[in-house]
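Visitor: Sharing coords_4.txt (compact mmCIF, C-alpha atoms) below.
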# COMPACT_ATOMS: atom_id res chain seq x y z
CA MET C 112 -2.48 23.94 34.13
CA ASN C 113 1.00 25.02 33.12
CA ASP C 114 2.55 22.17 35.16
CA PHE C 115 0.12 19.70 33.60
CA ARG C 116 1.12 20.85 30.11
CA ARG C 117 4.82 20.49 30.91
CA MET C 118 4.25 17.03 32.34
CA THR C 119 2.27 15.99 29.26
CA ILE C 120 5.04 17.22 26.95
CA PHE C 121 7.68 15.47 29.07
CA VAL C 122 5.80 12.14 29.14
CA THR C 123 5.15 12.33 25.40
CA GLY C 124 8.82 13.02 24.72
CA VAL C 125 9.95 10.13 26.91
CA PHE C 126 7.46 7.83 25.17
CA PHE C 127 8.72 8.70 21.68
CA PHE C 128 12.36 8.47 22.78
CA ALA C 129 11.72 5.03 24.27
CA LEU C 130 9.83 3.95 21.16
CA ILE C 131 12.73 4.89 18.89
CA ILE C 132 15.51 3.51 21.10
CA PHE C 133 13.95 0.48 22.77
CA GLY C 134 11.43 -0.29 20.05
CA CYS C 135 14.23 -1.24 17.69
CA GLN C 136 14.59 -4.99 17.58
CA LYS C 137 16.57 -7.31 15.44
CA GLU C 138 15.16 -10.70 14.64
CA THR C 139 16.72 -13.43 12.53
CA ASP C 140 15.20 -16.57 11.04
CA ALA C 141 17.52 -17.70 8.24
CA ASP C 142 15.45 -20.82 7.50
CA THR C 143 12.40 -18.88 6.31
CA ILE C 144 11.87 -18.36 2.60
CA GLY C 145 10.66 -14.85 1.82
CA PRO C 146 7.05 -15.15 0.66
CA ASP C 147 6.63 -14.11 -2.96
CA PHE C 148 4.34 -11.17 -3.60
CA SER C 149 2.71 -9.32 -6.43
CA LEU C 150 2.55 -5.57 -5.79
CA LEU C 151 2.12 -2.55 -8.02
CA ASP C 152 4.81 0.09 -8.24
CA LEU C 153 3.98 3.77 -8.64
CA SER C 154 3.71 3.46 -12.42
CA GLY C 155 1.21 0.60 -12.10
CA GLN C 156 3.70 -2.11 -13.08
CA GLU C 157 3.40 -5.44 -11.24
CA ARG C 158 6.54 -6.38 -9.28
CA THR C 159 7.26 -9.72 -7.61
CA LEU C 160 9.96 -10.96 -5.27
CA GLY C 161 10.69 -13.75 -7.76
CA GLU C 162 11.92 -11.29 -10.40
CA PHE C 163 14.84 -10.41 -8.11
CA LYS C 164 16.08 -14.00 -7.59
CA GLY C 165 19.87 -13.96 -7.42
CA LYS C 166 19.91 -10.49 -5.88
CA VAL C 167 19.95 -9.40 -2.25
CA VAL C 168 16.61 -7.74 -1.52
CA LEU C 169 16.10 -5.24 1.26
CA LEU C 170 12.33 -5.04 1.74
CA ASP C 171 11.51 -1.82 3.63
CA PHE C 172 7.98 -1.45 5.07
CA TRP C 173 7.49 2.26 5.70
CA ALA C 174 5.17 5.28 5.34
CA THR C 175 5.62 8.98 4.57
CA TRP C 176 4.06 9.99 7.91
CA CYS C 177 6.52 7.85 9.94
CA LEU C 178 9.37 9.96 11.35
CA PRO C 179 11.82 7.05 11.92
CA CYS C 180 11.05 5.88 8.36
CA LYS C 181 11.93 9.31 6.99
CA MET C 182 15.09 9.37 9.11
CA SER C 183 16.26 6.13 7.46
CA LEU C 184 15.67 7.26 3.86
CA PRO C 185 19.05 8.99 3.25
CA LYS C 186 20.89 5.89 4.48
CA LEU C 187 18.81 3.59 2.27
CA VAL C 188 19.41 5.83 -0.77
CA LYS C 189 23.15 5.72 -0.05
CA LEU C 190 23.12 1.93 0.45
CA GLN C 191 21.33 1.41 -2.87
CA LYS C 192 23.78 3.66 -4.70
CA GLU C 193 26.88 2.04 -3.15
CA ASN C 194 25.72 -1.60 -3.42
CA ARG C 195 23.70 -1.82 -6.63
CA ASP C 196 26.69 -3.36 -8.44
CA LYS C 197 26.97 -5.98 -5.67
CA GLY C 198 23.42 -7.12 -6.40
CA LEU C 199 21.44 -5.13 -3.81
CA ILE C 200 17.92 -4.07 -4.64
CA ILE C 201 15.92 -2.06 -2.13
CA LEU C 202 12.15 -2.19 -2.42
CA GLY C 203 10.18 0.35 -0.43
CA VAL C 204 6.75 -1.03 0.50
CA SER C 205 4.55 1.96 1.30
CA LEU C 206 1.87 1.54 3.95
CA ASP C 207 0.42 4.97 3.12
CA ASN C 208 -3.33 4.99 2.55
CA PRO C 209 -3.89 5.40 -1.22
CA GLU C 210 -6.94 7.58 -0.52
CA SER C 211 -4.85 10.19 1.31
CA MET C 212 -1.51 9.64 -0.49
CA SER C 213 -1.96 9.04 -4.22
CA ASN C 214 0.70 7.52 -6.45
CA LYS C 215 1.34 11.02 -7.80
CA ASP C 216 1.89 12.30 -4.25
CA LEU C 217 4.24 9.40 -3.54
CA LEU C 218 6.17 10.14 -6.74
CA VAL C 219 6.62 13.75 -5.60
CA PHE C 220 7.80 12.49 -2.19
CA LYS C 221 10.17 10.04 -3.93
CA GLU C 222 11.69 12.77 -6.09
CA LYS C 223 11.95 15.25 -3.22
CA ASN C 224 13.85 12.68 -1.13
CA ASN C 225 16.00 11.42 -4.04
CA ILE C 226 14.77 7.86 -3.53
CA ASN C 227 16.63 5.72 -6.08
CA TYR C 228 14.75 2.45 -5.67
CA PRO C 229 11.22 1.25 -6.49
CA ILE C 230 8.31 2.07 -4.21
CA LEU C 231 5.54 -0.51 -4.12
CA ARG C 232 2.04 -0.29 -2.66
CA ALA C 233 1.38 -2.71 0.21
CA ASN C 234 -1.65 -4.96 0.26
CA GLN C 235 -3.17 -7.16 2.98
CA LYS C 236 -1.54 -10.32 1.63
CA ILE C 237 2.04 -9.07 1.94
CA LEU C 238 1.34 -7.75 5.44
CA GLN C 239 -0.10 -11.12 6.49
CA ASP C 240 2.73 -13.05 4.83
CA TYR C 241 5.56 -11.04 6.37
CA PHE C 242 4.13 -9.99 9.74
CA LYS C 243 1.95 -13.08 10.36
CA ASP C 244 0.24 -12.65 13.73
CA SER C 245 2.63 -10.02 15.11
CA SER C 246 1.69 -6.39 15.17
CA ILE C 247 2.93 -4.24 12.32
CA ALA C 248 5.60 -1.75 13.29
CA ILE C 249 7.35 0.55 10.86
CA PRO C 250 9.95 0.83 9.70
CA THR C 251 10.52 -2.90 9.42
CA LEU C 252 13.17 -4.15 7.03
CA PHE C 253 13.64 -7.71 5.81
CA ILE C 254 16.99 -8.73 4.33
CA ILE C 255 16.43 -11.51 1.79
CA ASP C 256 19.48 -13.32 0.42
CA ARG C 257 20.19 -14.39 -3.15
CA GLU C 258 18.41 -17.73 -2.60
CA GLY C 259 15.26 -16.00 -1.32
CA ARG C 260 15.76 -16.74 2.40
CA ILE C 261 14.98 -14.11 5.03
CA ARG C 262 18.32 -13.54 6.71
CA ASP C 263 17.38 -10.67 8.99
CA LYS C 264 14.45 -8.65 10.22
CA ILE C 265 15.11 -5.21 11.65
CA VAL C 266 12.27 -3.41 13.42
CA GLY C 267 12.59 0.30 14.07
CA TYR C 268 15.28 2.78 13.12
CA GLU C 269 18.65 1.77 14.48
CA PRO C 270 21.67 3.46 12.89
CA GLY C 271 24.10 0.87 11.54
CA ALA C 272 21.77 -2.14 11.89
CA VAL C 273 20.98 -2.47 8.18
CA GLU C 274 24.61 -2.13 7.15
CA LYS C 275 25.60 -4.79 9.68
CA GLY C 276 22.82 -7.11 8.47
CA LEU C 277 23.94 -6.73 4.85
CA LEU C 278 27.64 -7.43 5.47
CA ASP C 279 27.55 -11.22 5.14
CA VAL C 280 24.70 -11.34 2.65
CA LEU C 281 26.35 -9.09 0.05
CA LYS C 282 29.61 -11.11 -0.06
Take the structure in the file and give it back as C-alpha cells.

Guide:
Amino acid sequence: MNDFRRMTIFVTGVFFFALIIFGCQKETDADTIGPDFSLLDLSGQERTLGEFKGKVVLLDFWATWCLPCKMSLPKLVKLQKENRDKGLIILGVSLDNPESMSNKDLLVFKEKNNINYPILRANQKILQDYFKDSSIAIPTLFIIDREGRIRDKIVGYEPGAVEKGLLDVLK
C-alpha cells in the first residue's frame, strides 16, 4: 500500500509537471480579427472589446482555482503597470462559476492579489468565439493589436512568453 501511494504521488507529480511545461503552446494567427464581446465587469458595468480600439489588449482567460493562472498574476500586474502608458490594457476573463465565486469574492481576490486591471465574467459566447471547437485550457492569453487583430495566442503559463508576444505589438 505504501509503494502504491508513492507511485500515485509520483505519477500525479509527473502529470502536473508535464501539463505545465509541455502544455504551454504558442499559436499565432495575425489575420484573425478579435471577436467583439459584451461582458460584465465586477461592478456590473458592460465592457466590450470595441471600447479599447487603438489600444493593445491582452485578454487573459483564467480562474482563481487554476494554479498556473495564479502564478502568472504578478507578472500581468507588473506588465499592466509598466505598459499602461504605451496603450496596454489587460482584461482578465474569469471562468470561475458565479455560484461558487461571487463578484464580491472575486473583488476580494482581486484586492488581495493587487490586480490592477478589469476582471470580466466569461459567458458561453466569448468562449465559443475565442476557442471555437478547440478545448478550453487556462490560462490562455490572446494579444490583440491596436487594429483589433489577434496577433498571438499563448496557452499555459510560460515565463517570458507574454512579454515576447507584446514586444512588436506595443511599438

Visitor: Separation of CA of Ile201 (chain C) and CA of Phe148 (chain C), in Å?

Guide: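 The value is 14.8 Å.
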
Visitor: Between C:Val188, C:Leu199, C:Val204, C:Leu231, which has the minimum distance to Lys166 (chain C) (counting only C-alpha atoms)?

Guide: C:Leu199

Visitor: Just need the box for region 186-202 of chain C, edges along x, y and z, holding every atom the file lists for it with 4 Å tacked onto each side, so centre and edge lengths in Å to one decimal, as AutoDock Vina command-line options.

Guide:
--center_x 19.6 --center_y -0.6 --center_z -2.0 --size_x 22.8 --size_y 21.0 --size_z 20.9

Visitor: Mind giving me the straight-line distance from CA of Ile261 (chain C) to CA of Leu281 (chain C) in Å, one decimal?

Guide: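 Value for the CA of Ile261 (chain C)-CA of Leu281 (chain C) distance: 13.4 Å.
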
Visitor: I'd like to know which of C:Val219, C:Ile226, C:Leu238, C:Leu252 is closest to Pro146 (chain C), using only C-alpha atoms.

Guide: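 Checking each of C:Val219, C:Ile226, C:Leu238, C:Leu252 against Pro146 (chain C), counting only C-alpha atoms, the winner is C:Leu238.
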
Visitor: Of the candidates C:Ser154, C:Asp240, C:Cys177, C:Pro250, which shows the shortest atom-to-atom distance to Leu217 (chain C), using only C-alpha atoms?

Guide: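 Closest to Leu217 (chain C) of all the choices is C:Ser154.
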
Visitor: Mind giving me the straight-line distance from CA of Ser183 (chain C) to CA of Glu258 (chain C) in Å, one decimal?

Guide: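 These two atoms are separated by 26.0 Å.
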